[in-house]
>>> print(open('coords.cif').read())   # mmCIF, C-alpha atoms and all ligand atoms
data_run
loop_
_atom_site.label_atom_id
_atom_site.label_comp_id
_atom_site.auth_asym_id
_atom_site.auth_seq_id
_atom_site.Cartn_x
_atom_site.Cartn_y
_atom_site.Cartn_z
CA MET A 1 10.50 15.90 -9.71
CA ALA A 2 8.49 18.16 -7.39
CA ILE A 3 4.76 17.96 -7.90
CA LYS A 4 2.43 20.83 -7.05
CA THR A 5 0.03 20.21 -4.18
CA ILE A 6 -3.24 21.86 -3.16
CA ASN A 7 -1.09 24.24 -1.08
CA ASP A 8 0.45 25.67 -4.25
CA VAL A 9 -2.80 26.68 -5.97
CA ASN A 10 -5.98 28.62 -5.27
CA LEU A 11 -9.03 26.43 -5.77
CA SER A 12 -11.49 28.76 -4.09
CA GLY A 13 -14.89 28.72 -5.83
CA LYS A 14 -13.67 26.20 -8.42
CA ARG A 15 -15.33 22.89 -9.26
CA VAL A 16 -12.62 20.42 -8.28
CA LEU A 17 -12.61 16.76 -9.32
CA VAL A 18 -10.84 14.92 -6.48
CA ARG A 19 -9.70 11.34 -7.15
CA CYS A 20 -9.73 9.48 -3.84
CA ASP A 21 -9.10 5.88 -2.92
CA PHE A 22 -12.34 4.82 -1.26
CA ASN A 23 -11.73 1.17 -2.10
CA VAL A 24 -12.76 0.10 1.40
CA PRO A 25 -13.89 -3.34 2.59
CA ILE A 26 -17.72 -3.34 2.66
CA LYS A 27 -19.87 -6.27 3.80
CA ASP A 28 -23.66 -6.12 3.71
CA GLY A 29 -23.54 -2.33 3.36
CA THR A 30 -21.24 -1.88 6.37
CA ILE A 31 -17.72 -0.49 6.06
CA ASN A 32 -15.34 -2.73 8.01
CA ASP A 33 -12.28 -0.52 7.86
CA ASP A 34 -12.59 3.22 7.27
CA SER A 35 -8.87 4.03 7.29
CA ARG A 36 -8.84 5.01 3.61
CA ILE A 37 -11.75 7.39 4.20
CA VAL A 38 -9.97 8.91 7.19
CA ALA A 39 -6.77 9.26 5.13
CA ALA A 40 -8.67 11.32 2.53
CA LEU A 41 -10.14 13.80 5.04
CA PRO A 42 -7.31 16.37 5.31
CA THR A 43 -7.50 17.20 1.59
CA ILE A 44 -11.31 17.30 1.52
CA LYS A 45 -11.44 19.50 4.64
CA GLN A 46 -8.86 21.92 3.25
CA LEU A 47 -10.83 22.22 0.00
CA ILE A 48 -14.05 22.81 1.96
CA SER A 49 -12.39 25.58 3.97
CA GLN A 50 -11.22 27.18 0.71
CA GLY A 51 -14.79 27.24 -0.60
CA ALA A 52 -14.15 24.85 -3.49
CA LYS A 53 -16.94 22.68 -4.94
CA ILE A 54 -15.68 19.18 -4.26
CA ILE A 55 -16.57 16.36 -6.63
CA LEU A 56 -15.18 13.10 -5.27
CA VAL A 57 -14.49 10.20 -7.59
CA SER A 58 -13.22 6.71 -6.71
CA HIS A 59 -13.35 3.06 -7.61
CA LEU A 60 -14.49 0.20 -5.39
CA GLY A 61 -13.52 -3.39 -6.10
CA ARG A 62 -13.46 -4.86 -9.57
CA PRO A 63 -16.87 -4.47 -11.21
CA LYS A 64 -15.18 -5.01 -14.61
CA GLY A 65 -16.72 -2.07 -16.45
CA GLU A 66 -20.34 -2.87 -15.60
CA LYS A 67 -22.85 -1.36 -13.20
CA ASN A 68 -23.17 -3.71 -10.24
CA ALA A 69 -24.96 -2.76 -7.00
CA LYS A 70 -22.53 -4.97 -5.06
CA TYR A 71 -19.83 -2.38 -5.71
CA THR A 72 -21.77 0.81 -5.03
CA LEU A 73 -19.96 3.62 -3.23
CA ALA A 74 -23.22 4.75 -1.55
CA PRO A 75 -22.16 3.58 1.97
CA VAL A 76 -19.02 5.71 1.69
CA ALA A 77 -21.09 8.90 1.29
CA GLY A 78 -22.80 8.33 4.66
CA GLU A 79 -19.52 7.54 6.39
CA LEU A 80 -17.85 10.60 4.89
CA ALA A 81 -20.71 12.85 5.96
CA LYS A 82 -20.25 11.60 9.54
CA HIS A 83 -16.53 12.39 9.47
CA LEU A 84 -16.98 15.79 7.83
CA GLY A 85 -20.00 16.86 9.84
CA GLN A 86 -21.76 18.06 6.71
CA PRO A 87 -23.92 16.48 3.98
CA VAL A 88 -22.28 14.54 1.18
CA THR A 89 -24.54 14.18 -1.85
CA PHE A 90 -24.27 10.78 -3.48
CA VAL A 91 -24.85 10.77 -7.24
CA GLU A 92 -25.86 7.42 -8.74
CA ASP A 93 -23.60 7.76 -11.77
CA CYS A 94 -20.26 9.36 -12.51
CA VAL A 95 -20.79 10.87 -15.98
CA GLY A 96 -23.71 12.18 -18.06
CA PRO A 97 -26.36 14.93 -17.99
CA GLU A 98 -27.85 14.00 -14.60
CA VAL A 99 -24.46 14.18 -12.91
CA GLU A 100 -23.75 17.48 -14.67
CA ALA A 101 -27.09 18.86 -13.41
CA GLU A 102 -26.26 17.81 -9.85
CA VAL A 103 -22.84 19.45 -10.02
CA ALA A 104 -24.37 22.66 -11.43
CA LYS A 105 -26.41 23.00 -8.22
CA MET A 106 -23.34 22.90 -5.94
CA GLY A 107 -22.47 25.86 -3.74
CA ALA A 108 -19.08 26.78 -2.24
CA GLY A 109 -17.83 24.08 0.17
CA ALA A 110 -20.37 21.48 -1.01
CA VAL A 111 -19.28 17.85 -1.38
CA VAL A 112 -20.59 15.38 -3.94
CA LEU A 113 -19.53 11.72 -4.23
CA LEU A 114 -19.90 10.12 -7.65
CA GLU A 115 -20.77 6.44 -8.16
CA ASN A 116 -17.99 3.89 -8.77
CA VAL A 117 -15.92 5.03 -11.72
CA ARG A 118 -15.11 1.42 -12.64
CA PHE A 119 -18.76 0.87 -13.65
CA TYR A 120 -17.42 2.14 -16.99
CA ALA A 121 -14.90 0.11 -19.00
CA GLY A 122 -13.38 3.40 -20.19
CA GLU A 123 -11.92 4.00 -16.72
CA GLU A 124 -9.31 1.24 -16.67
CA LYS A 125 -8.71 1.58 -20.41
CA ASN A 126 -8.00 5.28 -19.90
CA ASP A 127 -10.42 5.93 -22.76
CA PRO A 128 -10.04 9.58 -23.89
CA GLU A 129 -13.79 10.07 -24.42
CA PHE A 130 -14.64 8.74 -20.98
CA ALA A 131 -11.90 10.90 -19.43
CA ALA A 132 -13.34 13.94 -21.24
CA SER A 133 -16.86 13.28 -19.86
CA LEU A 134 -15.50 13.01 -16.33
CA ALA A 135 -13.36 16.12 -16.74
CA LYS A 136 -16.39 18.05 -18.06
CA LEU A 137 -17.76 18.08 -14.50
CA ALA A 138 -14.93 20.23 -13.13
CA ASP A 139 -12.44 23.05 -13.64
CA ALA A 140 -9.50 21.65 -11.68
CA PHE A 141 -8.14 18.23 -10.63
CA VAL A 142 -6.68 16.89 -7.42
CA ASN A 143 -5.29 13.37 -7.26
CA ASP A 144 -5.17 12.01 -3.73
CA ALA A 145 -5.60 8.31 -4.51
CA PHE A 146 -2.16 6.93 -3.77
CA GLY A 147 -3.44 3.33 -3.92
CA THR A 148 -4.18 3.70 -7.65
CA ALA A 149 -1.44 6.18 -8.56
CA HIS A 150 0.53 3.37 -10.25
CA ARG A 151 -2.25 2.96 -12.82
CA ALA A 152 -2.84 5.28 -15.78
CA HIS A 153 -6.65 5.24 -15.73
CA ALA A 154 -9.12 7.88 -16.94
CA SER A 155 -9.72 9.25 -13.43
CA THR A 156 -6.07 9.13 -12.35
CA ALA A 157 -4.32 10.33 -15.51
CA GLY A 158 -6.69 10.82 -18.50
CA VAL A 159 -8.60 13.76 -17.00
CA VAL A 160 -5.42 15.80 -16.52
CA LYS A 161 -5.38 16.74 -20.21
CA HIS A 162 -8.56 18.76 -19.67
CA LEU A 163 -8.17 20.23 -16.19
CA SER A 164 -5.91 22.94 -14.85
CA PRO A 165 -4.52 23.18 -12.29
CA ALA A 166 -3.95 19.46 -11.75
CA VAL A 167 -2.20 18.86 -8.45
CA CYS A 168 -1.83 16.24 -5.75
CA GLY A 169 -3.62 16.18 -2.42
CA LEU A 170 -2.15 16.04 1.07
CA LEU A 171 -2.24 12.23 1.28
CA ILE A 172 -0.19 11.69 -1.88
CA GLU A 173 2.15 14.46 -0.73
CA LYS A 174 2.73 12.59 2.54
CA GLU A 175 3.14 9.21 0.80
CA LEU A 176 5.78 10.67 -1.53
CA ALA A 177 7.57 12.33 1.38
CA TYR A 178 7.82 9.13 3.44
CA LEU A 179 8.30 6.50 0.75
CA GLY A 180 10.45 8.85 -1.35
CA ASP A 181 12.42 11.54 0.49
CA LYS A 182 12.75 9.75 3.83
CA THR A 183 14.15 6.64 2.16
CA ALA A 184 16.28 8.54 -0.35
CA GLN A 185 18.00 10.65 2.33
CA PRO A 186 17.37 8.50 5.40
CA GLU A 187 18.60 9.18 8.86
CA ARG A 188 21.11 6.32 9.31
CA PRO A 189 21.37 3.49 10.10
CA PHE A 190 18.56 2.69 7.65
CA THR A 191 17.17 -0.83 8.10
CA VAL A 192 14.77 -2.41 5.63
CA ILE A 193 12.69 -5.47 6.53
CA LEU A 194 11.12 -7.35 3.66
CA GLY A 195 8.90 -10.39 3.88
CA GLY A 196 5.87 -11.91 2.26
CA ALA A 197 5.37 -14.67 -0.22
CA LYS A 198 7.51 -14.11 -3.28
CA VAL A 199 11.02 -12.96 -4.17
CA SER A 200 9.75 -12.38 -7.72
CA ASP A 201 7.33 -9.69 -6.44
CA LYS A 202 9.98 -7.86 -4.46
CA ILE A 203 13.30 -8.34 -6.23
CA LYS A 204 13.13 -4.90 -7.88
CA VAL A 205 12.47 -3.34 -4.48
CA ILE A 206 15.41 -5.26 -3.00
CA ASP A 207 17.57 -4.05 -5.89
CA ALA A 208 16.53 -0.42 -5.46
CA LEU A 209 16.92 -0.51 -1.66
CA LEU A 210 20.38 -2.08 -1.87
CA GLU A 211 21.40 1.37 -3.13
CA LYS A 212 20.00 3.13 -0.05
CA ALA A 213 19.87 0.85 3.00
CA ASP A 214 22.55 -0.05 5.54
CA THR A 215 20.83 -3.33 6.42
CA ILE A 216 18.32 -5.51 4.62
CA ILE A 217 16.46 -8.17 6.60
CA ILE A 218 14.53 -10.90 4.79
CA GLY A 219 11.76 -12.98 6.33
CA GLY A 220 8.59 -14.72 5.19
CA ALA A 221 8.47 -17.36 2.48
CA MET A 222 10.85 -15.15 0.45
CA ALA A 223 13.62 -16.19 2.81
CA TYR A 224 13.33 -19.83 1.65
CA THR A 225 14.34 -18.92 -1.88
CA PHE A 226 17.37 -17.20 -0.35
CA ALA A 227 18.00 -20.30 1.80
CA LEU A 228 18.08 -22.39 -1.41
CA ALA A 229 20.56 -19.85 -2.85
CA GLU A 230 22.77 -20.51 0.16
CA GLY A 231 22.55 -24.28 -0.38
CA ARG A 232 20.26 -25.06 2.53
CA THR A 233 17.29 -27.43 2.49
CA ILE A 234 13.81 -26.03 3.10
CA GLY A 235 11.57 -29.12 3.39
CA ASP A 236 8.10 -28.40 2.02
CA SER A 237 8.32 -24.61 2.47
CA LEU A 238 7.00 -22.23 -0.16
CA SER A 239 9.80 -21.09 -2.49
CA GLU A 240 10.54 -20.04 -6.05
CA PRO A 241 13.31 -22.30 -7.42
CA ASP A 242 13.34 -20.26 -10.66
CA PHE A 243 14.46 -17.24 -8.66
CA VAL A 244 17.38 -18.84 -6.84
CA ASP A 245 19.84 -17.19 -9.23
CA THR A 246 18.12 -13.85 -8.68
CA ALA A 247 18.52 -14.34 -4.93
CA LYS A 248 22.20 -15.22 -5.43
CA SER A 249 22.73 -11.98 -7.40
CA ALA A 250 21.07 -9.93 -4.64
CA LEU A 251 23.35 -11.58 -2.05
CA ALA A 252 26.41 -10.83 -4.20
CA LYS A 253 25.32 -7.23 -4.75
CA ALA A 254 24.80 -6.72 -1.01
CA LYS A 255 28.31 -8.06 -0.34
CA ALA A 256 29.85 -5.82 -3.01
CA LYS A 257 28.06 -2.75 -1.66
CA GLY A 258 28.78 -3.51 1.99
CA VAL A 259 25.06 -3.74 2.84
CA LYS A 260 24.39 -6.06 5.78
CA PHE A 261 21.99 -8.74 4.52
CA LEU A 262 20.29 -10.79 7.24
CA LEU A 263 18.39 -14.02 6.67
CA PRO A 264 16.55 -15.99 9.38
CA LEU A 265 18.81 -18.06 11.67
CA ASP A 266 15.94 -20.37 12.53
CA ASN A 267 12.40 -21.11 11.41
CA LEU A 268 9.20 -22.53 12.78
CA GLY A 269 8.27 -25.65 10.82
CA VAL A 270 4.82 -27.23 10.97
CA LYS A 271 2.93 -30.22 9.63
CA ASP A 272 -0.68 -30.37 8.43
CA LEU A 273 -1.25 -26.65 7.98
CA ASP A 274 -4.88 -25.84 7.16
CA PHE A 275 -5.10 -22.20 6.09
CA GLY A 276 -8.91 -22.21 5.86
CA ALA A 277 -9.35 -23.58 9.36
CA GLY A 278 -6.43 -21.49 10.68
CA THR A 279 -4.81 -24.54 12.27
CA VAL A 280 -1.47 -26.39 12.22
CA GLY A 281 -0.42 -29.85 13.46
CA GLU A 282 2.99 -30.69 14.93
CA GLN A 283 5.42 -27.75 15.37
CA LYS A 284 9.25 -27.70 15.53
CA ILE A 285 11.98 -25.04 15.41
CA PHE A 286 14.69 -25.68 12.82
CA GLU A 287 18.10 -24.04 12.94
CA GLY A 288 19.61 -24.08 9.45
CA ASN A 289 18.13 -26.83 7.30
CA ILE A 290 14.42 -27.65 7.37
CA GLU A 291 13.69 -31.37 7.12
CA ASP A 292 11.50 -32.97 4.48
CA GLY A 293 7.85 -33.18 5.47
CA TRP A 294 7.94 -29.83 7.35
CA GLU A 295 6.79 -26.45 6.10
CA GLY A 296 8.50 -23.24 7.23
CA VAL A 297 5.78 -20.84 8.34
CA ASP A 298 7.49 -18.24 10.53
CA ILE A 299 10.88 -17.06 11.71
CA GLY A 300 12.14 -18.65 14.94
CA PRO A 301 13.19 -17.11 18.31
CA LYS A 302 16.87 -16.59 17.39
CA SER A 303 15.86 -14.74 14.24
CA ILE A 304 13.45 -12.58 16.23
CA GLU A 305 16.31 -11.65 18.54
CA LEU A 306 18.74 -10.95 15.68
CA PHE A 307 16.24 -8.84 13.71
CA SER A 308 15.06 -6.96 16.82
CA GLU A 309 18.62 -5.98 17.79
CA GLU A 310 19.13 -4.56 14.30
CA VAL A 311 15.86 -2.62 14.38
CA LYS A 312 16.64 -1.19 17.84
CA ASN A 313 19.83 0.37 16.49
CA ALA A 314 18.19 1.86 13.40
CA LYS A 315 17.20 5.50 12.94
CA THR A 316 14.99 4.77 9.92
CA VAL A 317 13.05 1.53 9.41
CA LEU A 318 11.05 0.53 6.35
CA TRP A 319 8.92 -2.62 6.58
CA ASN A 320 7.09 -4.42 3.81
CA GLY A 321 5.77 -7.96 4.08
CA PRO A 322 5.07 -10.35 6.98
CA MET A 323 7.68 -12.70 8.51
CA GLY A 324 5.35 -15.68 8.29
CA ILE A 325 1.77 -16.80 7.71
CA PHE A 326 0.56 -14.20 10.22
CA GLU A 327 -3.09 -14.87 9.39
CA ILE A 328 -2.80 -18.10 11.44
CA ASP A 329 -2.34 -17.60 15.21
CA ALA A 330 0.30 -20.33 15.54
CA CYS A 331 2.46 -18.64 12.86
CA ASN A 332 2.19 -14.94 13.79
CA ARG A 333 4.84 -14.67 16.49
CA GLY A 334 7.69 -13.46 14.26
CA THR A 335 5.57 -10.88 12.43
CA PHE A 336 4.07 -9.50 15.63
CA ALA A 337 7.48 -9.39 17.35
CA VAL A 338 8.90 -7.39 14.44
CA ALA A 339 5.87 -5.07 14.59
CA LYS A 340 6.46 -4.49 18.33
CA THR A 341 10.18 -3.82 17.93
CA ILE A 342 9.55 -1.37 15.10
CA ALA A 343 6.85 0.44 17.06
CA GLU A 344 9.05 0.72 20.15
CA SER A 345 12.32 1.50 18.34
CA GLY A 346 12.00 5.28 18.35
CA ALA A 347 13.17 5.21 14.72
CA CYS A 348 11.30 6.90 11.91
CA SER A 349 9.15 3.88 11.01
CA ILE A 350 7.57 3.56 7.59
CA ILE A 351 5.19 0.69 6.90
CA GLY A 352 4.72 -0.19 3.23
CA GLY A 353 1.09 -0.92 2.45
CA GLY A 354 -0.99 -4.09 2.28
CA ASP A 355 -0.28 -6.97 4.61
CA SER A 356 2.30 -5.21 6.78
CA VAL A 357 -0.24 -2.51 7.68
CA LYS A 358 -2.81 -5.22 8.40
CA ALA A 359 -0.27 -7.09 10.55
CA ILE A 360 0.85 -4.05 12.55
CA ASN A 361 -2.78 -3.17 13.26
CA MET A 362 -3.57 -6.78 14.25
CA ALA A 363 -0.58 -6.71 16.61
CA GLY A 364 -1.96 -3.48 18.13
CA TYR A 365 0.91 -1.15 17.19
CA GLY A 366 -0.67 0.85 14.37
CA GLU A 367 -0.81 4.04 16.45
CA GLN A 368 2.88 3.90 17.34
CA VAL A 369 4.54 3.97 13.92
CA THR A 370 5.52 7.10 12.06
CA PHE A 371 3.76 6.39 8.77
CA MET A 372 1.60 3.66 7.25
CA SER A 373 1.21 3.72 3.49
CA THR A 374 -2.28 3.40 2.00
CA GLY A 375 -0.96 1.82 -1.19
CA GLY A 376 0.12 -1.81 -1.60
CA GLY A 377 1.09 -2.13 -5.27
CA ALA A 378 1.68 1.61 -5.58
CA SER A 379 4.08 1.72 -2.65
CA LEU A 380 6.06 -1.24 -4.04
CA GLU A 381 6.30 0.32 -7.51
CA PHE A 382 7.35 3.65 -6.03
CA LEU A 383 9.99 1.99 -3.87
CA GLU A 384 11.25 0.22 -7.00
CA GLY A 385 11.97 3.69 -8.36
CA LYS A 386 9.23 3.59 -11.01
CA GLU A 387 7.36 6.70 -12.01
CA LEU A 388 3.73 6.65 -10.89
CA PRO A 389 1.59 7.68 -13.88
CA GLY A 390 -1.08 9.20 -11.62
CA VAL A 391 1.58 11.50 -10.16
CA SER A 392 3.96 12.25 -13.01
CA VAL A 393 1.15 13.78 -15.14
CA LEU A 394 0.38 16.40 -12.49
CA ASP A 395 1.63 20.02 -12.57
CA GLN A 396 5.22 20.47 -11.49
CA VAL A 397 6.60 23.19 -9.26
P1 LIG B 1 3.04 -10.43 0.09
O1 LIG B 1 1.70 -10.08 -0.49
O2 LIG B 1 4.04 -10.85 -0.91
O3 LIG B 1 3.55 -9.39 1.06
O4 LIG B 1 2.79 -11.75 0.92
C1 LIG B 1 1.96 -11.80 2.03
C2 LIG B 1 1.58 -13.22 2.25
O5 LIG B 1 2.75 -14.00 2.42
C3 LIG B 1 0.74 -13.42 3.48
O6 LIG B 1 -0.55 -13.83 3.11
C4 LIG B 1 1.48 -14.52 4.25
O7 LIG B 1 0.61 -15.53 4.75
C5 LIG B 1 2.39 -15.11 3.20
N1 LIG B 1 3.56 -15.74 3.81
C6 LIG B 1 4.47 -15.18 4.61
N2 LIG B 1 5.35 -16.10 5.04
C7 LIG B 1 4.99 -17.28 4.50
C8 LIG B 1 5.49 -18.60 4.59
N3 LIG B 1 6.56 -18.89 5.32
N4 LIG B 1 4.86 -19.56 3.88
C9 LIG B 1 3.77 -19.26 3.14
N5 LIG B 1 3.25 -18.04 3.02
C10 LIG B 1 3.84 -17.06 3.70
#
>>> encode(input="coords.cif", output="structure tokens")
Amino acid sequence: MAIKTINDVNLSGKRVLVRCDFNVPIKDGTINDDSRIVAALPTIKQLISQGAKIILVSHLGRPKGEKNAKYTLAPVAGELAKHLGQPVTFVEDCVGPEVEAEVAKMGAGAVVLLENVRFYAGEEKNDPEFAASLAKLADAFVNDAFGTAHRAHASTAGVVKHLSPAVCGLLIEKELAYLGDKTAQPERPFTVILGGAKVSDKIKVIDALLEKADTIIIGGAMAYTFALAEGRTIGDSLSEPDFVDTAKSALAKAKAKGVKFLLPLDNLGVKDLDFGAGTVGEQKIFEGNIEDGWEGVDIGPKSIELFSEEVKNAKTVLWNGPMGIFEIDACNRGTFAVAKTIAESGACSIIGGGDSVKAINMAGYGEQVTFMSTGGGASLEFLEGKELPGVSVLDQV
């Protein structure tokens, strides 16, 4: 399914409602990470140069359908203005007569940012009346909020009924190209590295990628459920015993399809882990079984070597999920080593959102990868092969 983008339509002079993902971390009015704002700039700048009237709408946090100053988008307007080099008018609501009056004053190339759309319960319920009041502000719609594209909300899907054209922005276009096309027709060998906490969260992704990848590497706590499936002991490591059969099926499917499936050869075990304090007690490397009383928290040196060799030979690499509890210094070696190898591999490197993006930035390799997704849940659902409701409702080529 090919979706129209802002390059396929003429939005000059039109009032355009642009759904962005400005769900940025804000503390005491200061934005701690502006990468989502930066990711939205190409679309906004292109619309400015076309002389559109740009009405930006986004959510921030989970205000649960009520106005709450803690979740105001006001700081984003100032930050955006700095990046764009032009004023961005912040409107203290997102629907109603005052917002309509503000929009009526807009000239060509003007930018307005509406207040948090989740201050209304109708947003997440995709309430048709709420969607109609939002849509009333504009003539056309652009969805560029990949991070919420897996949700059918009023501002991601409901408004489309009223606005034409309804197309995607340059960020969503890029996300679909990397997470979709580049993994559907990858340059081979195509190596996938999956980690993180739970097999249950990622089994559908594993299933879908078993159809496309040449190699699948598993790390993180997920690997301990696979270790149980292989009959190994895992001490006190995090695992999902209810998903051992699921792990066994994935292993069998990989074998049947001839997909190389690599699990850690060794693990770092620790005692007395204190996540809050960021500390661990005694440490020991285990090859094979992990003894009782020890918790597996990272992959070991032999696994790092095995995984790195595989990544070095790949032409396309997709990474989602850390190899260990990378938030704690003593447990970040495997994750950071994988980040380094990916960054230096020369392969087309695609980093699925959330923790892997955080980890690759912490390791200092963010600038060296080909693409970092802005969507955590959305990138996983898309990789699973699910339709994204915020995308599938848009105009098709
Ligand atoms: P996910 O959201 O599923 O990608 O999981 C990310 C989380 O998995 C991070 O917060 C990691 O600390 C956690 N994680 C990774 N490896 C382990 C492990 N061996 N034991 C416990 N948690 C882990």
>>> residues_near_point(input="coords.cif", point="(25.2, -5.5, 3.6)", cutoff="10 Å", atoms="only C-alpha atoms", output="PDB file with C-alpha atoms, in the frame of the given file")
ATOM      1  CA  LEU A 210      20.380  -2.080  -1.870  1.00  0.00           C
ATOM      2  CA  ALA A 213      19.870   0.850   3.000  1.00  0.00           C
ATOM      3  CA  ASP A 214      22.550  -0.050   5.540  1.00  0.00           C
ATOM      4  CA  THR A 215      20.830  -3.330   6.420  1.00  0.00           C
ATOM      5  CA  ILE A 216      18.320  -5.510   4.620  1.00  0.00           C
ATOM      6  CA  ILE A 217      16.460  -8.170   6.600  1.00  0.00           C
ATOM      7  CA  LEU A 251      23.350 -11.580  -2.050  1.00  0.00           C
ATOM      8  CA  ALA A 252      26.410 -10.830  -4.200  1.00  0.00           C
ATOM      9  CA  LYS A 253      25.320  -7.230  -4.750  1.00  0.00           C
ATOM     10  CA  ALA A 254      24.800  -6.720  -1.010  1.00  0.00           C
ATOM     11  CA  LYS A 255      28.310  -8.060  -0.340  1.00  0.00           C
ATOM     12  CA  ALA A 256      29.850  -5.820  -3.010  1.00  0.00           C
ATOM     13  CA  LYS A 257      28.060  -2.750  -1.660  1.00  0.00           C
ATOM     14  CA  GLY A 258      28.780  -3.510   1.990  1.00  0.00           C
ATOM     15  CA  VAL A 259      25.060  -3.740   2.840  1.00  0.00           C
ATOM     16  CA  LYS A 260      24.390  -6.060   5.780  1.00  0.00           C
ATOM     17  CA  PHE A 261      21.990  -8.740   4.520  1.00  0.00           C
ATOM     18  CA  LEU A 262      20.290 -10.790   7.240  1.00  0.00           C
TER      19      LEU A 262
END
>>> closest_residue(input="coords.cif", among="A:Val16, A:Ala154, A:Ile299, A:Ala337", to="Pro128 (chain A)", atoms="only C-alpha atoms")
A:Ala154
>>> closest_residue(input="coords.cif", among="A:Trp319, A:Tyr365, A:Phe382, A:Phe90", to="ligand LIG 1 (chain B)", atoms="only C-alpha atoms and all ligand atoms")
A:Trp319
>>> residues_around(input="coords.cif", residues="region 17-31 of chain A", least_positions_apart="6", cutoff="9 Å", atoms="only C-alpha atoms", output="PDB file with C-alpha atoms, keeping the file's coordinate frame")
ATOM      1  CA  ILE A  37     -11.750   7.390   4.200  1.00  0.00           C
ATOM      2  CA  ALA A  40      -8.670  11.320   2.530  1.00  0.00           C
ATOM      3  CA  ILE A  44     -11.310  17.300   1.520  1.00  0.00           C
ATOM      4  CA  LYS A  53     -16.940  22.680  -4.940  1.00  0.00           C
ATOM      5  CA  ILE A  54     -15.680  19.180  -4.260  1.00  0.00           C
ATOM      6  CA  ILE A  55     -16.570  16.360  -6.630  1.00  0.00           C
ATOM      7  CA  LEU A  56     -15.180  13.100  -5.270  1.00  0.00           C
ATOM      8  CA  VAL A  57     -14.490  10.200  -7.590  1.00  0.00           C
ATOM      9  CA  SER A  58     -13.220   6.710  -6.710  1.00  0.00           C
ATOM     10  CA  HIS A  59     -13.350   3.060  -7.610  1.00  0.00           C
ATOM     11  CA  LEU A  60     -14.490   0.200  -5.390  1.00  0.00           C
ATOM     12  CA  GLY A  61     -13.520  -3.390  -6.100  1.00  0.00           C
ATOM     13  CA  LYS A  70     -22.530  -4.970  -5.060  1.00  0.00           C
ATOM     14  CA  TYR A  71     -19.830  -2.380  -5.710  1.00  0.00           C
ATOM     15  CA  LEU A  73     -19.960   3.620  -3.230  1.00  0.00           C
ATOM     16  CA  ALA A  74     -23.220   4.750  -1.550  1.00  0.00           C
ATOM     17  CA  PRO A  75     -22.160   3.580   1.970  1.00  0.00           C
ATOM     18  CA  VAL A  76     -19.020   5.710   1.690  1.00  0.00           C
ATOM     19  CA  GLU A  79     -19.520   7.540   6.390  1.00  0.00           C
ATOM     20  CA  LEU A 134     -15.500  13.010 -16.330  1.00  0.00           C
ATOM     21  CA  ALA A 135     -13.360  16.120 -16.740  1.00  0.00           C
ATOM     22  CA  LEU A 137     -17.760  18.080 -14.500  1.00  0.00           C
ATOM     23  CA  ALA A 138     -14.930  20.230 -13.130  1.00  0.00           C
ATOM     24  CA  ASP A 139     -12.440  23.050 -13.640  1.00  0.00           C
ATOM     25  CA  ALA A 140      -9.500  21.650 -11.680  1.00  0.00           C
ATOM     26  CA  PHE A 141      -8.140  18.230 -10.630  1.00  0.00           C
ATOM     27  CA  VAL A 142      -6.680  16.890  -7.420  1.00  0.00           C
ATOM     28  CA  ASN A 143      -5.290  13.370  -7.260  1.00  0.00           C
ATOM     29  CA  ASP A 144      -5.170  12.010  -3.730  1.00  0.00           C
ATOM     30  CA  ALA A 145      -5.600   8.310  -4.510  1.00  0.00           C
ATOM     31  CA  PHE A 146      -2.160   6.930  -3.770  1.00  0.00           C
ATOM     32  CA  GLY A 147      -3.440   3.330  -3.920  1.00  0.00           C
ATOM     33  CA  THR A 148      -4.180   3.700  -7.650  1.00  0.00           C
ATOM     34  CA  SER A 155      -9.720   9.250 -13.430  1.00  0.00           C
ATOM     35  CA  THR A 156      -6.070   9.130 -12.350  1.00  0.00           C
ATOM     36  CA  LEU A 163      -8.170  20.230 -16.190  1.00  0.00           C
ATOM     37  CA  GLY A 169      -3.620  16.180  -2.420  1.00  0.00           C
ATOM     38  CA  THR A 374      -2.280   3.400   2.000  1.00  0.00           C
TER      39      THR A 374
END
>>> closest_residue(input="coords.cif", among="A:Glu173, A:Asp298, A:Glu66, A:Glu124", to="Gly195 (chain A)", atoms="all atoms listed in the file")
A:Asp298
>>> axis_aligned_box(input="coords.cif", around="ligand LIG 1 (chain B)", padding_each_side="6 Å", output="AutoDock Vina command-line options")
--center_x 3.0 --center_y -14.5 --center_z 2.2 --size_x 19.1 --size_y 22.2 --size_z 18.2
>>> closest_residue(input="coords.cif", among="A:Lys198, A:Val117, A:Gly85, A:Gln283", to="Val244 (chain A)", atoms="only C-alpha atoms")
A:Lys198
>>> atom_distance(input="coords.cif", atom1="CA of Leu113 (chain A)", atom2="CA of Val88 (chain A)")
6.7 Å
>>> closest_atom_pairs(input="coords.cif", of="chain A", to="ligand LIG 1 (chain B)", cutoff="7 Å", atoms="all atoms listed in the file", output="Markdown table")
| residue | atom | partner | partner_atom | distance |
| --- | --- | --- | --- | --- |
| A:Gly195 | CA | B:LIG1 | O3 | 6.1 |
| A:Gly196 | CA | B:LIG1 | O4 | 3.4 |
| A:Ala197 | CA | B:LIG1 | O5 | 3.8 |
| A:Lys198 | CA | B:LIG1 | O2 | 5.3 |
| A:Asp201 | CA | B:LIG1 | O2 | 6.5 |
| A:Gly220 | CA | B:LIG1 | N2 | 3.5 |
| A:Ala221 | CA | B:LIG1 | N3 | 3.7 |
| A:Ser237 | CA | B:LIG1 | N4 | 6.3 |
| A:Leu238 | CA | B:LIG1 | N4 | 5.3 |
| A:Gly296 | CA | B:LIG1 | N3 | 5.1 |
| A:Val297 | CA | B:LIG1 | N3 | 3.7 |
| A:Asp298 | CA | B:LIG1 | N3 | 5.3 |
| A:Asn320 | CA | B:LIG1 | O3 | 6.7 |
| A:Gly321 | CA | B:LIG1 | O3 | 4.0 |
| A:Pro322 | CA | B:LIG1 | C6 | 5.4 |
| A:Met323 | CA | B:LIG1 | N2 | 5.4 |
| A:Gly324 | CA | B:LIG1 | N2 | 3.3 |
| A:Ile325 | CA | B:LIG1 | O7 | 3.4 |
| A:Phe326 | CA | B:LIG1 | O7 | 5.6 |
| A:Glu327 | CA | B:LIG1 | O7 | 6.0 |
| A:Asp355 | CA | B:LIG1 | O3 | 5.8 |
